[in-house]
file data_0.cif (mmCIF, C-alpha atoms, pLDDT in the B column; chains and numbers go by the auth columns)
data_query
loop_
_atom_site.group_PDB
_atom_site.id
_atom_site.type_symbol
_atom_site.label_atom_id
_atom_site.label_comp_id
_atom_site.label_asym_id
_atom_site.label_seq_id
_atom_site.Cartn_x
_atom_site.Cartn_y
_atom_site.Cartn_z
_atom_site.B_iso_or_equiv
_atom_site.auth_seq_id
_atom_site.auth_asym_id
ATOM 1 C CA MET A 1 3.808 6.221 -6.274 80.00 1 A
ATOM 2 C CA PHE A 2 0.609 4.454 -5.226 82.00 2 A
ATOM 3 C CA LEU A 3 2.646 1.476 -4.094 87.00 3 A
ATOM 4 C CA LEU A 4 4.997 3.703 -2.149 86.00 4 A
ATOM 5 C CA GLY A 5 2.169 5.562 -0.437 86.00 5 A
ATOM 6 C CA ALA A 6 0.166 2.442 0.367 84.00 6 A
ATOM 7 C CA LEU A 7 3.124 0.531 1.785 91.00 7 A
ATOM 8 C CA SER A 8 4.351 3.529 3.769 88.00 8 A
ATOM 9 C CA HIS A 9 0.926 4.043 5.343 85.00 9 A
ATOM 10 C CA GLN A 10 0.538 0.350 6.013 86.00 10 A
ATOM 11 C CA ALA A 11 4.013 -0.031 7.533 85.00 11 A
ATOM 12 C CA ALA A 12 3.431 3.030 9.714 84.00 12 A
ATOM 13 C CA SER A 13 0.092 1.627 10.863 84.00 13 A
ATOM 14 C CA CYS A 14 1.926 -1.474 12.151 81.00 14 A
ATOM 15 C CA TRP A 15 3.938 0.675 14.552 81.00 15 A
ATOM 16 C CA ARG A 16 0.900 2.468 15.972 76.00 16 A
ATOM 17 C CA ARG A 17 0.210 1.663 19.595 73.00 17 A
ATOM 18 C CA PRO A 18 -2.951 -0.406 20.067 70.00 18 A
ATOM 19 C CA GLY A 19 -5.780 1.726 21.415 68.00 19 A
ATOM 20 C CA ALA A 20 -3.969 4.946 20.504 67.00 20 A
ATOM 21 C CA GLY A 21 -7.348 6.596 20.005 69.00 21 A
ATOM 22 C CA ARG A 22 -8.267 9.266 17.500 70.00 22 A
ATOM 23 C CA ALA A 23 -5.404 10.685 15.470 69.00 23 A
ATOM 24 C CA MET A 24 -4.844 14.320 16.421 71.00 24 A
ATOM 25 C CA THR A 25 -1.556 15.036 14.672 76.00 25 A
ATOM 26 C CA MET A 26 -0.391 14.665 11.081 71.00 26 A
ATOM 27 C CA THR A 27 1.978 11.820 12.031 75.00 27 A
ATOM 28 C CA ALA A 28 -0.749 10.031 13.948 71.00 28 A
ATOM 29 C CA GLY A 29 -3.088 10.523 10.987 70.00 29 A
ATOM 30 C CA PHE A 30 -0.485 9.028 8.663 66.00 30 A
ATOM 31 C CA MET A 31 -0.330 5.943 10.883 70.00 31 A
ATOM 32 C CA ALA A 32 -4.053 5.653 11.532 65.00 32 A
ATOM 33 C CA VAL A 33 -5.068 3.665 8.471 70.00 33 A
ATOM 34 C CA ARG A 34 -6.684 0.249 8.236 75.00 34 A
ATOM 35 C CA GLY A 35 -3.720 -1.787 7.047 70.00 35 A
ATOM 36 C CA PRO A 36 -5.600 -4.845 5.727 75.00 36 A
ATOM 37 C CA LEU A 37 -7.398 -2.688 3.140 80.00 37 A
ATOM 38 C CA TYR A 38 -4.069 -1.980 1.430 84.00 38 A
ATOM 39 C CA ALA A 39 -2.709 -5.526 1.146 89.00 39 A
ATOM 40 C CA ARG A 40 -4.268 -6.601 -2.141 90.00 40 A
ATOM 41 C CA ALA A 41 -3.559 -3.250 -3.798 90.00 41 A
ATOM 42 C CA VAL A 42 0.046 -3.435 -2.614 93.00 42 A
ATOM 43 C CA VAL A 43 0.501 -6.920 -4.083 94.00 43 A
ATOM 44 C CA VAL A 44 -1.056 -5.960 -7.425 95.00 44 A
ATOM 45 C CA SER A 45 0.826 -2.672 -7.720 95.00 45 A
ATOM 46 C CA TYR A 46 4.104 -4.335 -6.681 96.00 46 A
ATOM 47 C CA LEU A 47 3.674 -6.907 -9.448 96.00 47 A
ATOM 48 C CA LEU A 48 2.758 -4.259 -12.017 96.00 48 A
ATOM 49 C CA THR A 49 5.653 -2.011 -11.024 94.00 49 A
ATOM 50 C CA MET A 50 8.095 -4.908 -11.143 94.00 50 A
ATOM 51 C CA LEU A 51 6.780 -5.943 -14.544 95.00 51 A
ATOM 52 C CA LEU A 52 7.301 -2.414 -15.865 93.00 52 A
ATOM 53 C CA GLY A 53 10.786 -2.469 -14.381 92.00 53 A
ATOM 54 C CA ASP A 54 11.484 -5.750 -16.165 93.00 54 A
ATOM 55 C CA VAL A 55 10.304 -4.260 -19.460 93.00 55 A
ATOM 56 C CA VAL A 56 12.515 -1.198 -19.116 92.00 56 A
ATOM 57 C CA TYR A 57 15.477 -3.296 -17.981 91.00 57 A
ATOM 58 C CA GLY A 58 16.311 -4.230 -21.592 90.00 58 A
ATOM 59 C CA PRO A 59 16.920 -0.646 -22.769 90.00 59 A
ATOM 60 C CA TYR A 60 18.587 0.082 -19.409 88.00 60 A
ATOM 61 C CA ARG A 61 21.049 -2.781 -19.918 88.00 61 A
ATOM 62 C CA VAL A 62 21.956 -1.487 -23.374 88.00 62 A
ATOM 63 C CA ASP A 63 22.007 2.276 -22.753 87.00 63 A
ATOM 64 C CA VAL A 64 22.711 2.951 -19.094 89.00 64 A
ATOM 65 C CA LYS A 65 24.563 -0.033 -17.697 89.00 65 A
ATOM 66 C CA THR A 66 26.975 -0.011 -20.619 88.00 66 A
ATOM 67 C CA MET A 67 27.688 3.656 -19.918 89.00 67 A
ATOM 68 C CA LEU A 68 28.215 2.968 -16.206 90.00 68 A
ATOM 69 C CA PHE A 69 30.783 0.313 -17.106 90.00 69 A
ATOM 70 C CA ASP A 70 32.469 2.438 -19.782 90.00 70 A
ATOM 71 C CA LEU A 71 32.877 5.350 -17.356 91.00 71 A
ATOM 72 C CA GLN A 72 33.729 2.976 -14.496 91.00 72 A
ATOM 73 C CA LEU A 73 30.973 4.381 -12.311 92.00 73 A
ATOM 74 C CA TRP A 74 31.093 1.292 -10.116 94.00 74 A
ATOM 75 C CA PRO A 75 29.256 2.634 -7.049 94.00 75 A
ATOM 76 C CA TRP A 76 26.326 3.657 -9.239 94.00 76 A
ATOM 77 C CA ASN A 77 26.218 0.205 -10.727 93.00 77 A
ATOM 78 C CA GLY A 78 26.233 -1.158 -7.165 95.00 78 A
ATOM 79 C CA VAL A 79 23.264 1.035 -6.322 95.00 79 A
ATOM 80 C CA PHE A 80 21.398 -0.528 -9.235 94.00 80 A
ATOM 81 C CA GLU A 81 22.459 -4.114 -8.525 95.00 81 A
ATOM 82 C CA ILE A 82 21.187 -3.827 -4.956 96.00 82 A
ATOM 83 C CA LYS A 83 17.926 -2.420 -6.288 96.00 83 A
ATOM 84 C CA GLU A 84 17.286 -5.271 -8.722 95.00 84 A
ATOM 85 C CA HIS A 85 18.090 -7.944 -6.132 96.00 85 A
ATOM 86 C CA LEU A 86 15.994 -6.401 -3.373 97.00 86 A
ATOM 87 C CA VAL A 87 13.036 -5.997 -5.717 97.00 87 A
ATOM 88 C CA ALA A 88 13.305 -9.687 -6.667 97.00 88 A
ATOM 89 C CA LEU A 89 13.475 -10.751 -3.013 97.00 89 A
ATOM 90 C CA GLY A 90 10.482 -8.527 -2.254 97.00 90 A
ATOM 91 C CA PHE A 91 8.592 -10.252 -5.052 97.00 91 A
ATOM 92 C CA PHE A 92 9.179 -13.669 -3.455 97.00 92 A
ATOM 93 C CA LEU A 93 8.002 -12.338 -0.091 96.00 93 A
ATOM 94 C CA LEU A 94 4.621 -11.180 -1.406 96.00 94 A
ATOM 95 C CA LEU A 95 2.886 -14.489 -0.596 94.00 95 A
ATOM 96 C CA PRO A 96 3.705 -14.505 3.140 95.00 96 A
ATOM 97 C CA TYR A 97 3.067 -10.751 3.207 95.00 97 A
ATOM 98 C CA TRP A 98 -0.417 -11.228 1.778 93.00 98 A
ATOM 99 C CA HIS A 99 -1.114 -14.046 4.196 92.00 99 A
ATOM 100 C CA LEU A 100 0.012 -11.944 7.156 93.00 100 A
ATOM 101 C CA TRP A 101 -2.556 -9.300 6.206 90.00 101 A
ATOM 102 C CA SER A 102 -5.442 -11.684 5.570 86.00 102 A
ATOM 103 C CA THR A 103 -8.382 -10.845 7.788 76.00 103 A
ATOM 104 C CA PRO A 104 -9.193 -11.348 10.567 83.00 104 A
ATOM 105 C CA LEU A 105 -5.665 -10.350 11.562 82.00 105 A
ATOM 106 C CA ASP A 106 -4.082 -12.935 13.817 82.00 106 A
ATOM 107 C CA PRO A 107 -2.599 -11.130 16.844 84.00 107 A
ATOM 108 C CA VAL A 108 0.049 -13.865 17.122 84.00 108 A
ATOM 109 C CA LEU A 109 1.438 -12.657 13.795 87.00 109 A
ATOM 110 C CA GLU A 110 1.711 -9.005 14.767 88.00 110 A
ATOM 111 C CA ARG A 111 5.529 -8.882 14.897 93.00 111 A
ATOM 112 C CA PRO A 112 6.156 -10.717 11.590 94.00 112 A
ATOM 113 C CA ARG A 113 3.463 -8.536 9.974 93.00 113 A
ATOM 114 C CA ARG A 114 5.046 -5.348 11.262 92.00 114 A
ATOM 115 C CA LEU A 115 8.625 -6.239 10.368 96.00 115 A
ATOM 116 C CA LEU A 116 7.967 -7.810 6.965 96.00 116 A
ATOM 117 C CA THR A 117 5.764 -4.881 5.915 95.00 117 A
ATOM 118 C CA SER A 118 8.440 -2.436 7.081 95.00 118 A
ATOM 119 C CA LEU A 119 11.092 -4.346 5.152 96.00 119 A
ATOM 120 C CA LEU A 120 8.970 -4.274 1.990 96.00 120 A
ATOM 121 C CA ALA A 121 8.423 -0.533 2.475 96.00 121 A
ATOM 122 C CA PHE A 122 12.201 -0.115 2.752 96.00 122 A
ATOM 123 C CA VAL A 123 12.685 -2.073 -0.492 96.00 123 A
ATOM 124 C CA VAL A 124 10.173 0.091 -2.357 96.00 124 A
ATOM 125 C CA TRP A 125 11.658 3.335 -0.986 96.00 125 A
ATOM 126 C CA TYR A 126 15.159 2.189 -1.880 96.00 126 A
ATOM 127 C CA ALA A 127 14.026 1.219 -5.391 95.00 127 A
ATOM 128 C CA LEU A 128 12.406 4.617 -5.925 94.00 128 A
ATOM 129 C CA ILE A 129 15.399 6.607 -4.697 95.00 129 A
ATOM 130 C CA ALA A 130 17.941 4.448 -6.546 94.00 130 A
ATOM 131 C CA GLY A 131 15.861 4.621 -9.728 91.00 131 A
ATOM 132 C CA HIS A 132 15.592 8.398 -9.516 91.00 132 A
ATOM 133 C CA LEU A 133 19.300 8.878 -8.870 91.00 133 A
ATOM 134 C CA LEU A 134 20.249 6.616 -11.768 89.00 134 A
ATOM 135 C CA ASN A 135 17.719 8.323 -14.007 86.00 135 A
ATOM 136 C CA ASN A 136 19.340 11.658 -13.152 85.00 136 A
ATOM 137 C CA LEU A 137 22.671 10.186 -14.205 82.00 137 A
ATOM 138 C CA LYS A 138 21.335 8.923 -17.523 78.00 138 A
ATOM 139 C CA GLY A 139 17.744 8.214 -18.419 72.00 139 A
ATOM 140 C CA VAL A 140 16.777 5.275 -20.601 70.00 140 A
ATOM 141 C CA GLY A 141 16.501 6.365 -24.237 63.00 141 A
ATOM 142 C CA PHE A 142 18.297 9.720 -23.745 57.00 142 A
ATOM 143 C CA MET B 1 3.543 -21.520 21.087 52.00 1 B
ATOM 144 C CA SER B 2 1.035 -23.914 19.499 58.00 2 B
ATOM 145 C CA ALA B 3 0.561 -23.675 15.758 67.00 3 B
ATOM 146 C CA THR B 4 -2.808 -22.241 14.702 74.00 4 B
ATOM 147 C CA PRO B 5 -4.197 -22.858 11.191 72.00 5 B
ATOM 148 C CA THR B 6 -3.076 -19.327 10.274 75.00 6 B
ATOM 149 C CA THR B 7 0.503 -19.860 11.426 77.00 7 B
ATOM 150 C CA GLN B 8 0.560 -23.281 9.757 77.00 8 B
ATOM 151 C CA ARG B 9 -0.353 -21.726 6.423 84.00 9 B
ATOM 152 C CA LEU B 10 2.159 -18.936 6.994 88.00 10 B
ATOM 153 C CA GLY B 11 4.865 -21.581 7.455 90.00 11 B
ATOM 154 C CA ARG B 12 4.101 -22.926 3.998 91.00 12 B
ATOM 155 C CA TRP B 13 4.295 -19.511 2.306 94.00 13 B
ATOM 156 C CA THR B 14 7.322 -18.548 4.345 94.00 14 B
ATOM 157 C CA LEU B 15 9.328 -21.592 3.345 95.00 15 B
ATOM 158 C CA ALA B 16 8.390 -21.134 -0.310 95.00 16 B
ATOM 159 C CA ALA B 17 9.411 -17.454 -0.202 96.00 17 B
ATOM 160 C CA LEU B 18 12.682 -18.102 1.578 96.00 18 B
ATOM 161 C CA VAL B 19 13.645 -21.028 -0.636 97.00 19 B
ATOM 162 C CA ALA B 20 12.821 -18.904 -3.695 97.00 20 B
ATOM 163 C CA GLY B 21 14.913 -16.042 -2.325 97.00 21 B
ATOM 164 C CA ALA B 22 17.805 -18.306 -1.369 97.00 22 B
ATOM 165 C CA ALA B 23 17.735 -19.965 -4.806 97.00 23 B
ATOM 166 C CA TYR B 24 17.754 -16.536 -6.439 97.00 24 B
ATOM 167 C CA VAL B 25 20.672 -15.327 -4.304 96.00 25 B
ATOM 168 C CA LEU B 26 22.612 -18.531 -4.977 96.00 26 B
ATOM 169 C CA ALA B 27 21.919 -18.292 -8.705 96.00 27 B
ATOM 170 C CA TYR B 28 23.073 -14.697 -9.055 93.00 28 B
ATOM 171 C CA SER B 29 26.058 -15.027 -6.742 93.00 29 B
ATOM 172 C CA GLN B 30 27.245 -18.086 -8.702 93.00 30 B
ATOM 173 C CA ASP B 31 26.190 -16.516 -12.018 91.00 31 B
ATOM 174 C CA VAL B 32 23.995 -19.473 -12.909 94.00 32 B
ATOM 175 C CA THR B 33 20.890 -18.746 -14.935 95.00 33 B
ATOM 176 C CA LEU B 34 18.166 -20.599 -16.779 94.00 34 B
ATOM 177 C CA PHE B 35 18.392 -18.501 -19.916 95.00 35 B
ATOM 178 C CA TYR B 36 19.918 -15.352 -21.351 95.00 36 B
ATOM 179 C CA TYR B 37 18.101 -12.466 -22.972 95.00 37 B
ATOM 180 C CA TYR B 38 19.780 -10.268 -25.551 95.00 38 B
ATOM 181 C CA PRO B 39 17.850 -6.975 -25.606 93.00 39 B
ATOM 182 C CA MET B 40 19.576 -5.523 -28.681 92.00 40 B
ATOM 183 C CA VAL B 41 18.228 -8.315 -30.868 93.00 41 B
ATOM 184 C CA GLY B 42 15.292 -9.360 -28.657 92.00 42 B
ATOM 185 C CA GLU B 43 16.375 -13.006 -28.451 93.00 43 B
ATOM 186 C CA PHE B 44 16.334 -15.590 -25.658 94.00 44 B
ATOM 187 C CA HIS B 45 19.061 -18.227 -25.545 94.00 45 B
ATOM 188 C CA LEU B 46 19.859 -21.112 -23.246 94.00 46 B
ATOM 189 C CA ARG B 47 23.617 -20.577 -23.634 93.00 47 B
ATOM 190 C CA PRO B 48 25.783 -17.436 -23.812 90.00 48 B
ATOM 191 C CA GLN B 49 26.141 -16.155 -27.367 92.00 49 B
ATOM 192 C CA ALA B 50 28.790 -14.213 -29.247 89.00 50 B
ATOM 193 C CA ASP B 51 29.420 -10.573 -28.306 88.00 51 B
ATOM 194 C CA ALA B 52 27.909 -9.535 -31.626 90.00 52 B
ATOM 195 C CA LEU B 53 24.448 -9.967 -30.086 91.00 53 B
ATOM 196 C CA GLY B 54 25.224 -7.203 -27.595 90.00 54 B
ATOM 197 C CA PRO B 55 24.954 -7.207 -23.806 91.00 55 B
ATOM 198 C CA ARG B 56 22.976 -10.010 -22.220 93.00 56 B
ATOM 199 C CA ILE B 57 20.514 -10.061 -19.343 93.00 57 B
ATOM 200 C CA THR B 58 20.671 -12.875 -16.803 95.00 58 B
ATOM 201 C CA TYR B 59 18.268 -11.281 -14.304 95.00 59 B
ATOM 202 C CA TYR B 60 15.116 -12.822 -15.778 96.00 60 B
ATOM 203 C CA GLY B 61 16.680 -16.273 -15.595 96.00 61 B
ATOM 204 C CA TRP B 62 17.635 -15.771 -11.942 97.00 62 B
ATOM 205 C CA LYS B 63 14.095 -14.791 -11.093 96.00 63 B
ATOM 206 C CA ALA B 64 12.779 -17.822 -12.957 97.00 64 B
ATOM 207 C CA ILE B 65 15.078 -20.050 -10.889 97.00 65 B
ATOM 208 C CA GLY B 66 13.765 -18.480 -7.668 97.00 66 B
ATOM 209 C CA LEU B 67 10.179 -18.827 -8.827 97.00 67 B
ATOM 210 C CA LEU B 68 10.593 -22.491 -9.768 97.00 68 B
ATOM 211 C CA ALA B 69 12.338 -23.285 -6.471 97.00 69 B
ATOM 212 C CA GLY B 70 9.529 -21.571 -4.543 96.00 70 B
ATOM 213 C CA LEU B 71 6.844 -23.419 -6.501 96.00 71 B
ATOM 214 C CA ALA B 72 8.606 -26.747 -5.897 96.00 72 B
ATOM 215 C CA THR B 73 8.631 -25.985 -2.156 94.00 73 B
ATOM 216 C CA LEU B 74 4.855 -25.564 -2.209 92.00 74 B
ATOM 217 C CA ALA B 75 4.627 -29.233 -3.149 91.00 75 B
ATOM 218 C CA LEU B 76 6.165 -30.303 0.166 89.00 76 B
ATOM 219 C CA PRO B 77 3.804 -31.978 2.637 88.00 77 B
ATOM 220 C CA LYS B 78 2.065 -29.460 4.890 84.00 78 B
ATOM 221 C CA ARG B 79 3.233 -31.188 8.048 84.00 79 B
ATOM 222 C CA TRP B 80 6.834 -30.299 7.157 86.00 80 B
ATOM 223 C CA THR B 81 6.133 -26.582 7.206 83.00 81 B
ATOM 224 C CA ALA B 82 3.356 -26.379 9.787 83.00 82 B
ATOM 225 C CA ARG B 83 5.632 -25.837 12.766 84.00 83 B
ATOM 226 C CA LEU B 84 7.834 -23.167 11.247 89.00 84 B
ATOM 227 C CA PRO B 85 7.931 -20.260 13.743 91.00 85 B
ATOM 228 C CA PRO B 86 6.148 -17.148 12.368 91.00 86 B
ATOM 229 C CA ASP B 87 9.217 -14.984 12.990 93.00 87 B
ATOM 230 C CA THR B 88 11.151 -17.043 10.436 94.00 88 B
ATOM 231 C CA VAL B 89 9.688 -14.919 7.649 94.00 89 B
ATOM 232 C CA TRP B 90 11.159 -11.582 8.683 96.00 90 B
ATOM 233 C CA ILE B 91 14.395 -13.031 10.049 96.00 91 B
ATOM 234 C CA GLY B 92 14.958 -14.894 6.766 96.00 92 B
ATOM 235 C CA ALA B 93 14.043 -11.811 4.728 96.00 93 B
ATOM 236 C CA LEU B 94 16.432 -9.676 6.752 96.00 94 B
ATOM 237 C CA LEU B 95 19.220 -12.219 6.358 97.00 95 B
ATOM 238 C CA MET B 96 18.763 -12.375 2.588 96.00 96 B
ATOM 239 C CA THR B 97 18.791 -8.579 2.423 96.00 97 B
ATOM 240 C CA ALA B 98 22.030 -8.559 4.413 96.00 98 B
ATOM 241 C CA VAL B 99 23.566 -11.156 2.081 96.00 99 B
ATOM 242 C CA VAL B 100 22.642 -9.035 -0.961 96.00 100 B
ATOM 243 C CA LEU B 101 24.129 -5.886 0.596 96.00 101 B
ATOM 244 C CA TRP B 102 27.292 -7.734 1.571 96.00 102 B
ATOM 245 C CA HIS B 103 27.632 -9.419 -1.815 95.00 103 B
ATOM 246 C CA GLU B 104 27.205 -6.155 -3.711 94.00 104 B
ATOM 247 C CA SER B 105 29.414 -4.082 -1.408 95.00 105 B
ATOM 248 C CA HIS B 106 32.444 -4.642 -3.675 94.00 106 B
ATOM 249 C CA TRP B 107 31.059 -2.081 -6.138 93.00 107 B
ATOM 250 C CA PHE B 108 31.655 0.639 -3.551 94.00 108 B
ATOM 251 C CA PHE B 109 35.286 -0.239 -2.827 92.00 109 B
ATOM 252 C CA ARG B 110 36.771 -0.308 -6.309 78.00 110 B
#
call {"tool": "encode", "arguments": {"input": "data_0.cif", "output": "structure tokens"}}
result
Amino acid sequence: MFLLGALSHQAASCWRRPGAGRAMTMTAGFMAVRGPLYARAVVVSYLLTMLLGDVVYGPYRVDVKTMLFDLQLWPWNGVFEIKEHLVALGFFLLLPYWHLWSTPLDPVLERPRRLLTSLLAFVVWYALIAGHLLNNLKGVGF
Amino acid sequence: MSATPTTQRLGRWTLAALVAGAAYVLAYSQDVTLFYYYPMVGEFHLRPQADALGPRITYYGWKAIGLLAGLATLALPKRWTARLPPDTVWIGALLMTAVVLWHESHWFFR
């Protein structure tokens, strides 16, 4: 949840117009954060979350994935496969992501920073939603 | 656009990340892995084992392949990566995401 919040705030901050002034609305407030402050926490929490996901993948493979195959719930398996691959790709992209947010921010790198951060936020949102939906179908250990 | 020290370093990380991602995608799409993990018995093996060991996990091996490929890329001379355009990182990331979505789309049309 921390990862999701931090990346969402940071991605939103990338789309804020320069010199937008003081945030007067809730949306503007959501976007008006200092993105660089989040970078290290995002990297650490991404790694920790992925590690936890890797740990729980064993029981998932035995309990849930087997059930998905037995019941031929192919689309649900697809939802999971996409999740695991996107999370792995996001993991490989953490190095350039961290570099893009190293201070002082290079204005030349504004577009890559904005789009890569947004893509990582999409990956984390997708992983959360896919994980929740699959957990509703059958939780690990239940 | 002339390459600044920041963009030069970004080129290095970008290439490593994209090579790692491409190696991962290639490995999983071709079902090639470094090792297999059998969660029911908690064992790692270099080759597929009998069904008696239960379902196997190849995911960890795919990630290891990506990680090794990325690390190997970091050993390339800096001058090879210094002129990589900064936009390469998000374009490459987007392309790999598209490849994953396309490759996994068959699950939704069975």
call {"tool": "residues_around", "arguments": {"input": "data_0.cif", "residues": "segment 16-21 of chain B", "least_positions_apart": "3", "cutoff": "9 Å", "atoms": "only C-alpha atoms", "output": "PyMOL selection string"}}
result
(chain A and resi 88-96) or (chain B and resi 11-13+24-26+63+65-74+89+92-93+96)
call {"tool": "atom_distance", "arguments": {"input": "data_0.cif", "atom1": "atom CA of Arg114 of chain A", "atom2": "atom CA of Thr6 of chain B"}}
result
16.2 Å
call {"tool": "residues_around", "arguments": {"input": "data_0.cif", "residues": "segment 9-17 of chain A", "least_positions_apart": "2", "cutoff": "9 Å", "atoms": "all atoms listed in the file", "output": "MDAnalysis selection string"}}
result
chainID A and resid 4:7 19:20 28 30:39 110:111 113:121
call {"tool": "closest_residue", "arguments": {"input": "data_0.cif", "among": "B:Ala82, B:Arg110, B:Trp62, B:Ile57", "to": "Ser29 of chain B", "atoms": "all atoms listed in the file"}}
result
B:Trp62
call {"tool": "residues_around", "arguments": {"input": "data_0.cif", "residues": "segment 48-52 of chain A", "least_positions_apart": "4", "cutoff": "9 Å", "atoms": "only C-alpha atoms", "output": "list in words"}}
result
Leu3, Val43, Val44, Val56, Tyr57, Val87, Ala88 and Phe91 of chain A
call {"tool": "resolve_selection", "arguments": {"input": "data_0.cif", "expression": "the PyMOL selection byres ((chain A and resi 139) around 12)", "output": "number ranges by chain"}}
result
A: 56-57, 59-65, 67-68, 131-138, 140-142
call {"tool": "closest_residue", "arguments": {"input": "data_0.cif", "among": "B:Val32, B:Leu84, B:Leu95, B:Leu101", "to": "Thr7 of chain B", "atoms": "all atoms listed in the file"}}
result
B:Leu84
call {"tool": "build_atoms", "arguments": {"input": "data_0.cif", "residues": "segment 70-91 of chain B", "atoms": "N, CA and C atoms", "output": "CSV table (one decimal), keeping the file's coordinate frame"}}
result
chain,number,residue,atom,x,y,z
B,70,GLY,N,10.6,-21.9,-5.5
B,70,GLY,CA,9.5,-21.6,-4.5
B,70,GLY,C,8.3,-22.4,-4.8
B,71,LEU,N,8.0,-22.6,-6.1
B,71,LEU,CA,6.8,-23.4,-6.5
B,71,LEU,C,7.1,-24.9,-6.1
B,72,ALA,N,8.3,-25.4,-6.3
B,72,ALA,CA,8.6,-26.7,-5.9
B,72,ALA,C,8.4,-26.9,-4.4
B,73,THR,N,8.8,-25.9,-3.6
B,73,THR,CA,8.6,-26.0,-2.2
B,73,THR,C,7.2,-26.1,-1.7
B,74,LEU,N,6.3,-25.5,-2.5
B,74,LEU,CA,4.9,-25.6,-2.2
B,74,LEU,C,4.3,-27.0,-2.3
B,75,ALA,N,5.1,-27.8,-3.0
B,75,ALA,CA,4.6,-29.2,-3.1
B,75,ALA,C,5.0,-30.1,-1.9
B,76,LEU,N,5.8,-29.5,-1.0
B,76,LEU,CA,6.2,-30.3,0.2
B,76,LEU,C,4.9,-30.6,1.0
B,77,PRO,N,4.9,-31.7,1.8
B,77,PRO,CA,3.8,-32.0,2.6
B,77,PRO,C,3.6,-30.9,3.7
B,78,LYS,N,2.4,-30.6,4.0
B,78,LYS,CA,2.1,-29.5,4.9
B,78,LYS,C,2.7,-29.7,6.3
B,79,ARG,N,2.7,-30.9,6.7
B,79,ARG,CA,3.2,-31.2,8.0
B,79,ARG,C,4.7,-30.8,8.2
B,80,TRP,N,5.4,-30.7,7.1
B,80,TRP,CA,6.8,-30.3,7.2
B,80,TRP,C,7.0,-28.8,7.5
B,81,THR,N,6.0,-28.0,7.1
B,81,THR,CA,6.1,-26.6,7.2
B,81,THR,C,5.2,-26.0,8.3
B,82,ALA,N,4.4,-26.9,8.9
B,82,ALA,CA,3.4,-26.4,9.8
B,82,ALA,C,4.0,-25.8,11.1
B,83,ARG,N,5.1,-26.3,11.5
B,83,ARG,CA,5.6,-25.8,12.8
B,83,ARG,C,6.7,-24.8,12.6
B,84,LEU,N,6.8,-24.2,11.5
B,84,LEU,CA,7.8,-23.2,11.2
B,84,LEU,C,7.4,-21.9,12.1
B,85,PRO,N,8.3,-21.4,12.9
B,85,PRO,CA,7.9,-20.3,13.7
B,85,PRO,C,7.6,-19.1,12.9
B,86,PRO,N,6.6,-18.3,13.2
B,86,PRO,CA,6.1,-17.1,12.4
B,86,PRO,C,7.3,-16.1,12.2
B,87,ASP,N,8.1,-16.0,13.1
B,87,ASP,CA,9.2,-15.0,13.0
B,87,ASP,C,10.2,-15.4,11.9
B,88,THR,N,10.2,-16.6,11.5
B,88,THR,CA,11.2,-17.0,10.4
B,88,THR,C,11.1,-16.1,9.2
B,89,VAL,N,9.9,-15.7,8.9
B,89,VAL,CA,9.7,-14.9,7.6
B,89,VAL,C,10.5,-13.6,7.6
B,90,TRP,N,10.4,-12.9,8.7
B,90,TRP,CA,11.2,-11.6,8.7
B,90,TRP,C,12.6,-11.8,9.0
B,91,ILE,N,13.0,-12.8,9.8
B,91,ILE,CA,14.4,-13.0,10.0
B,91,ILE,C,15.1,-13.5,8.8
